[in-house]
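Below is one structure, written out as structure tokens; comments come after it.
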There are 2 protein chains.
Amino acid sequence: MSVQERKQRERADRERLIVATARELAEQQGWDAVTTRRLAERIEYSQPVLYSHFRGKREIIGAVALEGAAEMASAVRAAASAADGPRARVTALALAYLDFAERNPAVYDAMFRLDGGLAFAHEDTPEPLKDAFAALLESLGEVAGDGVHPGLFTEVFWAALHGLATLTRAGRLPPQDTGRRVELLADRLAVL
Amino acid sequence: MSVQERKQRERADRERLIVATARELAEQQGWDAVTTRRLAERIEYSQPVLYSHFRGKREIIGAVALEGAAEMASAVRAAASAADGPRARVTALALAYLDFAERNPAVYDAMFRLDGGLAFAHEDTPEPLKDAFAALLESLGEVAGDGVHPGLFTEVFWAALHGLATLTRAGRLPPQDTGRRVELLADRLAVL
DNA sequence: TCGAATGTCTAGCGATGCTAGGATTCGCAT
DNA sequence: ATGCGAATCCTAGCATCGCTAGACATTCGA
């Protein structure tokens with residue numbers, strides 16, 4: 001029995017290695033540079049090994065996206081819980097979100113820009129994605145205002161953050177004004 | 001002289017044909033299906049002809065993006081001018097923007113999701129892109145509120161719209177709630 | 001009418017995601 | 001310890017991608 005367990009452990013290790021390497025490579029040189037050949041070379045295995053873990057490149061991107069969603073959820077929660085009061089909580093959350101997107105552009109792309117083959121809308125949405133949304137909802141729901149569905153409010157706020165993250169990374173919005181934009185968002189959207 | 005003029009006209013016609021065909025193909029089957037071979041076949045020329053008009057596939061995407069920007073600008077202006085008062089203007093503008101994104105997903109992708117090789121932030125930003133932003137600014141600037149830079153406000157509002165468009169297309173947000181989200185955005189962000 | 005210039009196509013390069021099929025290694029029963 | 005079956009891994013290759021060199025045809029100007 002212990003032999004099989006060791007093998008399973010090694011397999012799981014290798015799978016983590018693949019995801020971590022893909023992420024590292026993507027952050028260093030962009031997702032275009034993450035080819036199956038380069039990835040295989042970096043993990044010191046041949047290409048087909050990748051396909052014994054993942055159905056294809058898309059699924060690898062999806063795995064990175066899930067990892068990123070978990071990290072983002074915890075980053076958002078940490079920032080929110082460190083702030084006092086609804087107002088500070090909202091701005092802290094927003095800044096944490098944008099900070100995560102800026103520090104992990106490739107991961108953010110995997111989550112929202114690229115096709116990771118993830119089911120988003122339906123019930124079979126992976127847990128990390130639902131949890132990341134829940135992390136936003138926890139802090140944003142309390143400032144939705146009367147008569148506004150917390151989920152709907154969170155979606156709109158999230159959309160605004162996503163737009164800011166995307167456009168900033170595209171060079172469209174100068175990064176130094178991020179603080180003022182977040183202030184504007186929090187002042188106007190949130191009901192305090 | 002008239003011979004050269006005819007040739008130039010034919011060349012310009014063919015260039016328009018390339019862009020229109022690329023756009024059509026992208027809307028029908030997605031940008032992944034827009035390969036240089038398929039595109040060449042559809043316009044009934046060989047691949048190298050494409051490269052006598054554009055530096056590469058990126059530039060073709062960029063051309064579609066510019067065409068889309070011009071259309072979006074006029075769609076936004078039309079919607080805004082047909083509405084009475086700032087409040088109605090803002091919601092009409094927002095709905096027109098989202099409607100454009102929904103009806104022309106491939107064009108919207110070319111504008112914001114894909115790499116069309118367009119210079120965005122700098123001064124050499126192509127005129128249609130600047131004009132599309134200007135179309136937003138015209139209506140949104142008047143509801144920025146006191147002490148808020150109209151450009152900054154427009155950026156934030158635009159980011160929110162962009163996020164809504166993106167997330168809706170990804171299947172993350174149910175389309176039937178678009179109206180309520182727009183109402184929320186207009187109610188909260190705009191100062192009337 | 002003929003050389004030159006312009007325009008177009010055929011063929012091919014390197015690289016991509018992905019896979020079939022053979023080789024090798026490994027665990028386990030004898 | 002040994003030999004066999006199975007699991008594991010790699011070599012080699014396919015179709016397709018964006019892109020380009022060089023041959024071919026066509027048209028223009030003298």
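Here's how to read the names in the structure tokens: chain A, B, ... by the order shown, residue numbers from 1 in each chain, ligand numbers from 1 in the order shown.
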Distance-based interface of chain B with chain A, 10 Å, counting only C-alpha atoms, as a ChimeraX atom specification: /B:112-115,119-122,148,152-153,155-168,170-174,177-178,180-182,184-191
Distance filter 12 Å, only C-alpha atoms (C1' of nucleotides), chain D against chain B, as JSON, numbers by chain: {"D": [16, 17, 18, 19, 20, 21, 27, 28]}
Enumerate as a compact mmCIF listing (two decimals) with N, CA and C atoms (P, O5', C5', C4', C3', O3' and C1' of nucleotides), in the first residue's frame the residues belonging to chain C that approach chain B to within 10 Å, with only C-alpha atoms (C1' of nucleotides) taken into account.
# COMPACT_ATOMS: atom_id res chain seq x y z
P DG C 7 2.17 47.44 -57.21
O5' DG C 7 1.62 45.97 -57.40
C5' DG C 7 0.87 45.68 -58.57
C4' DG C 7 0.72 44.17 -58.72
C3' DG C 7 0.22 43.46 -57.46
O3' DG C 7 -0.98 42.78 -57.78
C1' DG C 7 2.09 42.33 -58.40
P DT C 8 -1.88 42.16 -56.59
O5' DT C 8 -1.50 40.63 -56.61
C5' DT C 8 -1.74 39.85 -57.78
C4' DT C 8 -1.05 38.51 -57.67
C3' DT C 8 -1.37 37.72 -56.41
O3' DT C 8 -2.29 36.69 -56.72
C1' DT C 8 0.95 37.57 -57.05
P DC C 9 -2.72 35.61 -55.68
O5' DC C 9 -1.68 34.43 -55.91
C5' DC C 9 -1.46 33.94 -57.23
C4' DC C 9 -0.35 32.89 -57.23
C3' DC C 9 -0.54 31.79 -56.18
O3' DC C 9 -0.45 30.52 -56.78
C1' DC C 9 1.61 32.78 -55.96
P DT C 10 -0.86 29.21 -55.98
O5' DT C 10 0.49 28.36 -55.94
C5' DT C 10 1.36 28.33 -57.07
C4' DT C 10 2.74 27.85 -56.66
C3' DT C 10 2.76 26.63 -55.74
O3' DT C 10 3.76 25.73 -56.17
C1' DT C 10 3.96 28.39 -54.73
Contacts of segment 82-89 of chain A at 9 Å (only C-alpha atoms (C1' of nucleotides); same-chain gap of 2+ positions) as a PyMOL selection string: chain A and resi 77-80+91-94+139-140+142-143+186-187+190-192
Pull C-alpha atoms from the residues just selected and write them as a PDB file, in the first residue's frame.
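Saved the output as part.pdb:
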ATOM      1  CA  ARG A  77     -10.029  39.031   3.394  1.00  0.00           C
ATOM      2  CA  ALA A  78      -6.801  39.988   5.097  1.00  0.00           C
ATOM      3  CA  ALA A  79      -7.041  43.560   3.898  1.00  0.00           C
ATOM      4  CA  ALA A  80     -10.698  43.838   4.859  1.00  0.00           C
ATOM      5  CA  THR A  91     -11.136  51.022   0.134  1.00  0.00           C
ATOM      6  CA  ALA A  92      -8.757  48.481   1.632  1.00  0.00           C
ATOM      7  CA  LEU A  93     -10.521  45.720  -0.253  1.00  0.00           C
ATOM      8  CA  ALA A  94     -10.386  47.624  -3.504  1.00  0.00           C
ATOM      9  CA  SER A 139     -17.300  43.257   2.852  1.00  0.00           C
ATOM     10  CA  LEU A 140     -19.269  44.831   0.033  1.00  0.00           C
ATOM     11  CA  GLU A 142     -22.795  45.654   4.064  1.00  0.00           C
ATOM     12  CA  VAL A 143     -22.489  48.835   2.015  1.00  0.00           C
ATOM     13  CA  ALA A 186     -15.831  53.992  -2.619  1.00  0.00           C
ATOM     14  CA  ASP A 187     -17.313  57.444  -2.053  1.00  0.00           C
ATOM     15  CA  ALA A 190     -20.850  52.486  -1.278  1.00  0.00           C
ATOM     16  CA  VAL A 191     -23.635  53.585   1.040  1.00  0.00           C
ATOM     17  CA  LEU A 192     -22.073  54.285   4.391  1.00  0.00           C
TER      18      LEU A 192
END
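Contact shell of Lys130 of chain B at 10 Å (only C-alpha atoms (C1' of nucleotides); same-chain neighbours under 3 positions omitted): Ala69, Ala70, Ala73, Phe120, Ala121, Glu123, Asp124, Thr125, Pro126, Glu127, Phe133, Ala134 and Ala135 of chain B.
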Write a file of the just-selected residues containing C-alpha atoms, as a PDB file, in the first residue's frame.
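Once written, result.pdb looks like this:
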ATOM      1  CA  ALA B  69     -14.056  52.236 -32.051  1.00  0.00           C
ATOM      2  CA  ALA B  70     -15.512  54.541 -34.645  1.00  0.00           C
ATOM      3  CA  ALA B  73     -18.300  56.334 -30.687  1.00  0.00           C
ATOM      4  CA  PHE B 120      -3.125  53.278 -26.040  1.00  0.00           C
ATOM      5  CA  ALA B 121      -1.820  55.637 -23.458  1.00  0.00           C
ATOM      6  CA  GLU B 123       0.058  60.692 -27.790  1.00  0.00           C
ATOM      7  CA  ASP B 124       0.292  58.482 -30.856  1.00  0.00           C
ATOM      8  CA  THR B 125      -2.959  56.839 -29.884  1.00  0.00           C
ATOM      9  CA  PRO B 126      -4.997  56.432 -33.070  1.00  0.00           C
ATOM     10  CA  GLU B 127      -7.678  59.043 -33.561  1.00  0.00           C
ATOM     11  CA  PHE B 133     -13.135  58.148 -25.225  1.00  0.00           C
ATOM     12  CA  ALA B 134     -14.156  61.682 -26.099  1.00  0.00           C
ATOM     13  CA  ALA B 135     -17.676  60.466 -26.868  1.00  0.00           C
TER      14      ALA B 135
END
Spatial neighbours of segment 18-28 of chain B, 10 Å, only C-alpha atoms (C1' of nucleotides), chain gap at least 5 places, as a PyMOL selection string: chain B and resi 12-13+33-36+38-40+42-43+49-50+53-54+57+59-65+67-68+103-107+109-110
Nearby residues (only C-alpha atoms (C1' of nucleotides)) at most 12 Å from DG29 of chain D, same-chain spacing under 3 positions excluded, as a VMD selection string: chain C and resid 1 to 5
DG27 of chain C surroundings by only C-alpha atoms (C1' of nucleotides), 10 Å radius, close-in-sequence under 5 positions cut, as a list in words: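 Result of the neighbour search: Val3 and Gln4 of chain A; DG5, DA6 and DA7 of chain D.
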